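Asker: Provided below: start11.pdb, containing PDB, C-alpha atoms and all ligand atoms.
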ATOM      1  CA  MET V   1     -22.836  -6.704   8.226
ATOM      2  CA  ILE V   2     -20.726  -3.608   7.678
ATOM      3  CA  THR V   3     -20.027  -2.624   4.055
ATOM      4  CA  ILE V   4     -17.130  -0.395   3.023
ATOM      5  CA  THR V   5     -16.921   1.258  -0.372
ATOM      6  CA  ALA V   6     -13.686   1.198  -2.318
ATOM      7  CA  LEU V   7     -12.600   2.075  -5.838
ATOM      8  CA  LYS V   8     -12.405  -0.663  -8.452
ATOM      9  CA  HIS V   9      -9.783   1.123 -10.532
ATOM     10  CA  VAL V  10      -7.086   3.585  -9.453
ATOM     11  CA  PRO V  11      -3.737   4.660 -10.923
ATOM     12  CA  ASP V  12      -0.810   2.460  -9.915
ATOM     13  CA  PHE V  13       0.575   5.054  -7.484
ATOM     14  CA  ALA V  14      -2.650   4.916  -5.449
ATOM     15  CA  ARG V  15      -2.743   1.149  -5.009
ATOM     16  CA  GLY V  16      -2.278   0.323  -1.358
ATOM     17  CA  GLN V  17      -2.959   3.950  -0.404
ATOM     18  CA  VAL V  18      -6.675   4.429  -1.024
ATOM     19  CA  ARG V  19      -8.388   5.481   2.156
ATOM     20  CA  ASP V  20     -10.718   2.496   2.382
ATOM     21  CA  LEU V  21      -7.554   0.889   3.782
ATOM     22  CA  ARG V  22      -8.306   2.670   7.066
ATOM     23  CA  PRO V  23     -11.684   1.061   7.825
ATOM     24  CA  ARG V  24     -10.516  -2.251   6.371
ATOM     25  CA  TRP V  25      -7.608  -2.187   8.851
ATOM     26  CA  ALA V  26      -9.826  -1.084  11.741
ATOM     27  CA  LEU V  27     -12.352  -3.827  10.993
ATOM     28  CA  GLU V  28      -9.563  -6.393  10.831
ATOM     29  CA  GLU V  29      -8.235  -5.175  14.192
ATOM     30  CA  ALA V  30     -11.741  -5.221  15.655
ATOM     31  CA  GLY V  31     -12.523  -8.687  14.331
ATOM     32  CA  LEU V  32     -15.796  -7.477  12.835
ATOM     33  CA  PRO V  33     -16.997  -9.114   9.621
ATOM     34  CA  TYR V  34     -17.343  -6.793   6.616
ATOM     35  CA  ARG V  35     -17.757  -6.740   2.910
ATOM     36  CA  VAL V  36     -16.364  -4.329   0.352
ATOM     37  CA  ARG V  37     -18.434  -2.705  -2.396
ATOM     38  CA  LEU V  38     -16.217  -1.752  -5.326
ATOM     39  CA  LEU V  39     -17.321   1.346  -7.213
ATOM     40  CA  GLU V  40     -17.064   1.347 -10.985
ATOM     41  CA  ALA V  41     -15.581   4.401 -12.687
ATOM     42  CA  GLY V  42     -18.115   7.238 -12.555
ATOM     43  CA  GLU V  43     -20.268   5.641  -9.881
ATOM     44  CA  GLN V  44     -19.011   8.215  -7.375
ATOM     45  CA  ASP V  45     -20.656  10.967  -9.389
ATOM     46  CA  LYS V  46     -24.110   9.414  -9.422
ATOM     47  CA  PRO V  47     -26.755  11.167  -7.308
ATOM     48  CA  GLU V  48     -27.352   7.978  -5.288
ATOM     49  CA  TYR V  49     -23.713   7.945  -4.162
ATOM     50  CA  ARG V  50     -23.474  11.717  -3.668
ATOM     51  CA  ALA V  51     -26.477  11.445  -1.368
ATOM     52  CA  LEU V  52     -24.324   9.256   0.864
ATOM     53  CA  GLN V  53     -20.943  10.974   0.295
ATOM     54  CA  PRO V  54     -21.397  14.608  -0.789
ATOM     55  CA  PHE V  55     -17.858  14.812  -2.216
ATOM     56  CA  GLY V  56     -18.026  11.562  -4.142
ATOM     57  CA  GLN V  57     -15.129  10.034  -2.246
ATOM     58  CA  VAL V  58     -14.372   6.663  -0.721
ATOM     59  CA  PRO V  59     -14.726   5.248   1.803
ATOM     60  CA  ILE V  60     -18.225   5.260   3.096
ATOM     61  CA  MET V  61     -19.407   2.733   5.652
ATOM     62  CA  GLU V  62     -22.870   1.215   5.698
ATOM     63  CA  ASP V  63     -24.046  -0.679   8.757
ATOM     64  CA  GLY V  64     -27.619  -1.623   7.991
ATOM     65  CA  GLU V  65     -29.414   1.642   7.304
ATOM     66  CA  PHE V  66     -26.744   3.700   9.024
ATOM     67  CA  VAL V  67     -24.251   5.410   6.706
ATOM     68  CA  LEU V  68     -21.088   7.375   7.497
ATOM     69  CA  PHE V  69     -18.483   9.080   5.371
ATOM     70  CA  GLU V  70     -15.033  10.414   6.407
ATOM     71  CA  SER V  71     -12.506   7.761   7.347
ATOM     72  CA  GLY V  72     -11.933   9.332  10.779
ATOM     73  CA  ALA V  73     -15.618   9.196  11.667
ATOM     74  CA  ILE V  74     -15.786   5.616  10.416
ATOM     75  CA  LEU V  75     -12.820   4.587  12.578
ATOM     76  CA  LEU V  76     -14.445   6.115  15.650
ATOM     77  CA  TYR V  77     -17.655   4.211  14.885
ATOM     78  CA  ILE V  78     -15.806   0.923  14.490
ATOM     79  CA  ALA V  79     -13.864   1.556  17.710
ATOM     80  CA  GLU V  80     -17.062   2.230  19.617
ATOM     81  CA  LYS V  81     -18.969  -0.684  18.117
ATOM     82  CA  SER V  82     -16.170  -3.166  18.785
ATOM     83  CA  GLN V  83     -15.010  -1.731  22.110
ATOM     84  CA  LYS V  84     -11.533  -2.067  20.675
ATOM     85  CA  LEU V  85      -9.083   0.488  19.293
ATOM     86  CA  LEU V  86      -9.894   3.199  21.851
ATOM     87  CA  PRO V  87      -9.014   3.087  25.553
ATOM     88  CA  GLU V  88     -11.889   2.865  28.018
ATOM     89  CA  GLU V  89     -10.429   5.390  30.445
ATOM     90  CA  PRO V  90     -12.005   8.749  29.464
ATOM     91  CA  GLN V  91      -8.871  10.906  29.381
ATOM     92  CA  ALA V  92      -6.873   8.316  27.458
ATOM     93  CA  ARG V  93      -9.811   8.044  25.056
ATOM     94  CA  HIS V  94      -9.842  11.799  24.484
ATOM     95  CA  ARG V  95      -6.097  11.797  23.931
ATOM     96  CA  ALA V  96      -6.484   9.071  21.309
ATOM     97  CA  VAL V  97      -9.152  11.136  19.532
ATOM     98  CA  GLN V  98      -6.858  14.160  19.759
ATOM     99  CA  TRP V  99      -4.087  12.211  18.031
ATOM    100  CA  MET V 100      -6.441  10.939  15.367
ATOM    101  CA  ILE V 101      -7.449  14.503  14.581
ATOM    102  CA  ALA V 102      -3.794  15.539  14.611
ATOM    103  CA  ALA V 103      -3.078  12.829  12.035
ATOM    104  CA  LEU V 104      -5.875  14.091   9.790
ATOM    105  CA  ASN V 105      -5.580  17.810  10.348
ATOM    106  CA  SER V 106      -2.021  18.630  11.394
ATOM    107  CA  ILE V 107      -0.011  15.970   9.570
ATOM    108  CA  GLU V 108      -1.935  14.662   6.544
ATOM    109  CA  PRO V 109      -2.249  17.968   4.607
ATOM    110  CA  SER V 110       1.520  18.529   4.626
ATOM    111  CA  GLN V 111       2.167  14.956   3.489
ATOM    112  CA  VAL V 112      -0.446  15.121   0.732
ATOM    113  CA  ASN V 113       0.939  18.444  -0.524
ATOM    114  CA  PHE V 114       4.349  16.920  -1.020
ATOM    115  CA  PHE V 115       2.940  13.728  -2.488
ATOM    116  CA  LEU V 116       0.920  15.617  -5.101
ATOM    117  CA  ALA V 117       3.907  17.683  -6.204
ATOM    118  CA  ASP V 118       6.227  14.674  -6.205
ATOM    119  CA  ILE V 119       4.131  11.976  -7.878
ATOM    120  CA  PRO V 120       0.896  12.623  -9.782
ATOM    121  CA  PHE V 121       1.651  16.194 -10.871
ATOM    122  CA  ALA V 122       5.458  15.953 -10.899
ATOM    123  CA  ASP V 123       5.774  17.054 -14.532
ATOM    124  CA  GLN V 124       3.702  20.208 -14.109
ATOM    125  CA  GLU V 125       5.345  23.592 -13.729
ATOM    126  CA  TRP V 126       3.606  24.502 -10.458
ATOM    127  CA  ALA V 127       4.704  21.199  -8.927
ATOM    128  CA  LYS V 128       8.337  21.741  -9.908
ATOM    129  CA  LEU V 129       8.222  25.130  -8.189
ATOM    130  CA  ARG V 130       6.458  23.792  -5.138
ATOM    131  CA  ARG V 131       8.161  20.467  -4.529
ATOM    132  CA  SER V 132      11.094  21.659  -2.444
ATOM    133  CA  GLY V 133       9.033  23.872  -0.133
ATOM    134  CA  ALA V 134       6.412  21.159   0.238
ATOM    135  CA  TYR V 135       9.143  18.666   1.155
ATOM    136  CA  ASP V 136      10.584  21.008   3.780
ATOM    137  CA  PHE V 137       7.210  21.617   5.383
ATOM    138  CA  ALA V 138       6.287  17.922   5.386
ATOM    139  CA  ARG V 139       9.673  17.203   6.999
ATOM    140  CA  HIS V 140       9.199  19.977   9.558
ATOM    141  CA  ARG V 141       5.856  18.523  10.666
ATOM    142  CA  LEU V 142       7.313  15.024  10.930
ATOM    143  CA  ASN V 143      10.294  16.270  12.929
ATOM    144  CA  TRP V 144       7.904  17.596  15.555
ATOM    145  CA  LEU V 145       5.836  14.434  15.445
ATOM    146  CA  SER V 146       9.049  12.497  16.018
ATOM    147  CA  LYS V 147       9.852  14.627  19.070
ATOM    148  CA  ALA V 148       6.350  14.084  20.471
ATOM    149  CA  LEU V 149       6.574  10.327  19.938
ATOM    150  CA  GLY V 150       9.992  10.120  21.561
ATOM    151  CA  ASP V 151      10.759   6.558  22.588
ATOM    152  CA  LYS V 152       7.138   5.542  23.179
ATOM    153  CA  PRO V 153       5.953   2.550  21.147
ATOM    154  CA  TYR V 154       2.694   4.317  20.234
ATOM    155  CA  LEU V 155       1.413   7.901  20.227
ATOM    156  CA  ASP V 156       0.004   7.798  23.737
ATOM    157  CA  GLY V 157       2.198   5.159  25.286
ATOM    158  CA  ASP V 158       2.152   1.395  25.181
ATOM    159  CA  THR V 159      -1.231   0.776  23.578
ATOM    160  CA  PHE V 160      -2.032   0.741  19.863
ATOM    161  CA  THR V 161      -5.207   2.739  19.195
ATOM    162  CA  ALA V 162      -7.249   3.994  16.251
ATOM    163  CA  ALA V 163      -5.024   7.087  16.356
ATOM    164  CA  ASP V 164      -1.952   4.999  15.568
ATOM    165  CA  LEU V 165      -3.855   3.276  12.797
ATOM    166  CA  MET V 166      -4.733   6.646  11.299
ATOM    167  CA  MET V 167      -1.257   8.109  11.789
ATOM    168  CA  ALA V 168       0.383   5.074  10.189
ATOM    169  CA  THR V 169      -1.779   5.406   7.071
ATOM    170  CA  VAL V 170      -0.807   9.085   6.876
ATOM    171  CA  LEU V 171       2.900   8.292   7.283
ATOM    172  CA  ARG V 172       2.651   5.744   4.459
ATOM    173  CA  ILE V 173       1.574   8.428   1.979
ATOM    174  CA  ASN V 174       5.193   9.253   1.141
ATOM    175  CA  ALA V 175       6.635   5.780   1.524
ATOM    176  CA  HIS V 176       8.424   6.393  -1.785
ATOM    177  CA  SER V 177      10.498   9.190  -0.162
ATOM    178  CA  ASP V 178      12.876   9.459   2.791
ATOM    179  CA  LEU V 179      10.465  11.642   4.774
ATOM    180  CA  VAL V 180       9.658   9.099   7.464
ATOM    181  CA  GLU V 181      12.989   7.335   7.603
ATOM    182  CA  ALA V 182      14.713  10.686   8.274
ATOM    183  CA  ASN V 183      13.524  10.185  11.864
ATOM    184  CA  ALA V 184      14.528   6.716  13.052
ATOM    185  CA  ASN V 185      11.862   6.556  15.769
ATOM    186  CA  LEU V 186       9.114   7.382  13.240
ATOM    187  CA  ALA V 187      10.378   4.736  10.854
ATOM    188  CA  ALA V 188      10.369   2.175  13.690
ATOM    189  CA  TYR V 189       6.893   3.325  14.749
ATOM    190  CA  LEU V 190       5.508   2.948  11.240
ATOM    191  CA  ASP V 191       7.085  -0.464  10.970
ATOM    192  CA  ARG V 192       5.617  -1.472  14.348
ATOM    193  CA  CYS V 193       2.143  -0.480  13.150
ATOM    194  CA  THR V 194       2.329  -2.006   9.696
ATOM    195  CA  GLN V 195       3.776  -5.295  10.938
ATOM    196  CA  ARG V 196       0.459  -5.956  12.615
ATOM    197  CA  PRO V 197      -1.335  -8.934  11.057
ATOM    198  CA  ALA V 198      -4.551  -6.880  10.747
ATOM    199  CA  PHE V 199      -2.756  -4.290   8.614
ATOM    200  CA  LYS V 200      -1.332  -6.987   6.374
ATOM    201  CA  ARG V 201      -4.767  -8.520   5.870
ATOM    202  CA  ALA V 202      -6.298  -5.107   5.092
ATOM    203  CA  LEU V 203      -3.582  -4.169   2.621
ATOM    204  CA  GLY V 204      -3.733  -7.624   1.056
ATOM    205  CA  GLY V 205      -7.497  -7.226   0.670
ATOM    206  CA  GLN V 206      -7.188  -3.889  -1.095
ATOM    207  CA  MET V 207      -4.413  -5.100  -3.412
ATOM    208  CA  ASN V 208      -6.307  -8.285  -4.150
ATOM    209  CA  ASP V 209      -9.398  -6.307  -5.168
ATOM    210  CA  PHE V 210      -7.292  -4.310  -7.640
ATOM    211  CA  ALA V 211      -5.739  -7.481  -9.006
ATOM    212  CA  LEU V 212      -9.152  -9.084  -9.509
ATOM    213  CA  ALA V 213     -10.486  -5.969 -11.236
ATOM    214  CA  ALA V 214      -7.547  -5.690 -13.651
TER     215      ALA V 214
HETATM  216  N1  LIG H   1     -11.317  13.120   4.123
HETATM  217  C1  LIG H   1     -11.746  11.973   3.370
HETATM  218  C2  LIG H   1     -10.878  11.859   2.148
HETATM  219  C3  LIG H   1     -11.324  10.715   1.262
HETATM  220  C4  LIG H   1     -10.529  10.694  -0.035
HETATM  221  O1  LIG H   1      -9.721  11.573  -0.322
HETATM  222  N2  LIG H   1     -10.792   9.652  -0.835
HETATM  223  C5  LIG H   1     -10.156   9.552  -2.117
HETATM  224  C6  LIG H   1      -9.501   8.209  -2.296
HETATM  225  S1  LIG H   1      -8.172   7.998  -1.177
HETATM  226  C7  LIG H   1     -11.190   9.700  -3.203
HETATM  227  O2  LIG H   1     -12.258   9.134  -3.117
HETATM  228  N3  LIG H   1     -10.847  10.468  -4.215
HETATM  229  C8  LIG H   1     -11.691  10.702  -5.333
HETATM  230  C9  LIG H   1     -12.187  12.116  -5.334
HETATM  231  O3  LIG H   1     -11.851  12.894  -4.438
HETATM  232  O4  LIG H   1     -12.928  12.403  -6.275
HETATM  233  C10 LIG H   1     -11.644  10.710   4.244
HETATM  234  O5  LIG H   1     -10.695  10.625   5.038
HETATM  235  O6  LIG H   1     -12.497   9.817   4.136
END
Spell out the structure here as structure tokens.
Ligand SMILES: N[C@@H](CCC(=O)N[C@@H](CS)C(=O)NCC(=O)O)C(=O)O

Answerer:
Amino acid sequence: MITITALKHVPDFARGQVRDLRPRWALEEAGLPYRVRLLEAGEQDKPEYRALQPFGQVPIMEDGEFVLFESGAILLYIAEKSQKLLPEEPQARHRAVQWMIAALNSIEPSQVNFFLADIPFADQEWAKLRRSGAYDFARHRLNWLSKALGDKPYLDGDTFTAADLMMATVLRINAHSDLVEANANLAAYLDRCTQRPAFKRALGGQMNDFALAA
């Protein structure tokens, strides 16, 4: 059975945001059974864990002896193993991968930059100086994402894929702000993705693990 690592304890602002949510959601969509291994504080720094995840981050995925880190790589593995979450037609499949990489590489950094300045480091001098510019850039990226999405239900048309799953988790990073809702089609898109029963089960699972660990 597939095992996903997650953190046992995180600050309140990170609850519901930790990136093990991505494989949890993908596994729920795929209908594959899985278990979650909760890491105690400091466990990420142990050599045994660093041997599996060089940066000491979550999630990793273990499927028997096979281990992967990076949430994007894990989603691609789950999609391939389940034959769900990625289209079969080769060009549509490549476009889905393209959008997943866009979520991780072209959208997520701008959203994380604003998030860091606005929430965990908000009281620091550098964050006060940076917040407004970070907001503008995050907004700029989302405006172009909004234009690309247009009136399509999902990034590449009518079908929900692993790319939408990834993009939705990225768009949730600044759920505390008006960044997404500034573009009505993005807000509707995010809602469409997060109304999925698989997302609700994944989020419920992560929140439940925090509640049990408290
Ligand atoms: N690019 C990685 C990022 C993983 C990541 O940032 N994980 C965070 C939790 S959401 C973490 O483990 N942070 C602790 C740390 O970086 O020491 C992925 O997508 O898997």

Asker: Would you work out the distance separating CA of His176 (chain V) from CA of Ala30 (chain V), expressed in Å to one decimal?

Answerer: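 Those two atoms sit 29.1 Å apart.
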
Asker: Quick one: of V:Ala117, V:Ala184, V:Ala127, V:Leu7, who's nearest to Leu142 (chain V), counting all atoms listed in the file?

Answerer: V:Ala184

Asker: Name each residue within 7 Å of ligand LIG 1 (chain H), counting all atoms listed in the file, as a list in words.

Answerer: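 The distance check yields Gln17, Val18, Arg19, Phe55, Gly56, Gln57, Val58, Pro59, Phe69, Glu70, Ser71 and Gly72 of chain V.
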
Asker: Save out the residues we just selected, C-alpha atoms, as an mmCIF file, in the frame of the given file.

Answerer:
data_model
loop_
_atom_site.group_PDB
_atom_site.id
_atom_site.type_symbol
_atom_site.label_atom_id
_atom_site.label_comp_id
_atom_site.auth_asym_id
_atom_site.auth_seq_id
_atom_site.Cartn_x
_atom_site.Cartn_y
_atom_site.Cartn_z
ATOM 1 C CA GLN V 17 -2.959 3.950 -0.404
ATOM 2 C CA VAL V 18 -6.675 4.429 -1.024
ATOM 3 C CA ARG V 19 -8.388 5.481 2.156
ATOM 4 C CA PHE V 55 -17.858 14.812 -2.216
ATOM 5 C CA GLY V 56 -18.026 11.562 -4.142
ATOM 6 C CA GLN V 57 -15.129 10.034 -2.246
ATOM 7 C CA VAL V 58 -14.372 6.663 -0.721
ATOM 8 C CA PRO V 59 -14.726 5.248 1.803
ATOM 9 C CA PHE V 69 -18.483 9.080 5.371
ATOM 10 C CA GLU V 70 -15.033 10.414 6.407
ATOM 11 C CA SER V 71 -12.506 7.761 7.347
ATOM 12 C CA GLY V 72 -11.933 9.332 10.779
#

Asker: Just to confirm, what's the straight-line distance from CA of His9 (chain V) to CA of Phe210 (chain V) in Å (one decimal)?

Answerer: 6.6 Å

Asker: Take the point (-13.6, -0.7, -8.5) as written in the file and pick out every residue within 12 Å of it, counting all atoms listed in the file; give the list as JSON, numbers by chain.

Answerer: {"V": [5, 6, 7, 8, 9, 10, 11, 15, 18, 20, 36, 37, 38, 39, 40, 41, 42, 43, 44, 58, 59, 206, 207, 208, 209, 210, 211, 212, 213, 214]}

Asker: Which value, in Å to one decimal, gives the distance between CA of Thr161 (chain V) and CA of Pro87 (chain V)?

Answerer: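 These atoms are spaced 7.4 Å apart.
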
Asker: Check which residues satisfy the PyMOL selection byres (((chain V and resi 200) around 12) and not hetatm) in the file shown, then give them as an NGL selection string.

Answerer: :V and (16 or 21-22 or 24-26 or 28-29 or 191-199 or 201-208)

Asker: Can you list, as a ChimeraX atom specification, the residues that the PyMOL selection byres (((chain V and resi 134) around 9) and not hetatm) selects here?

Answerer: /V:110-111,113-115,117,130-133,135-139

Asker: What does the PyMOL selection byres (((chain V and resi 96) around 9) and not hetatm) select in this file, as a count of residues only?

Answerer: 18
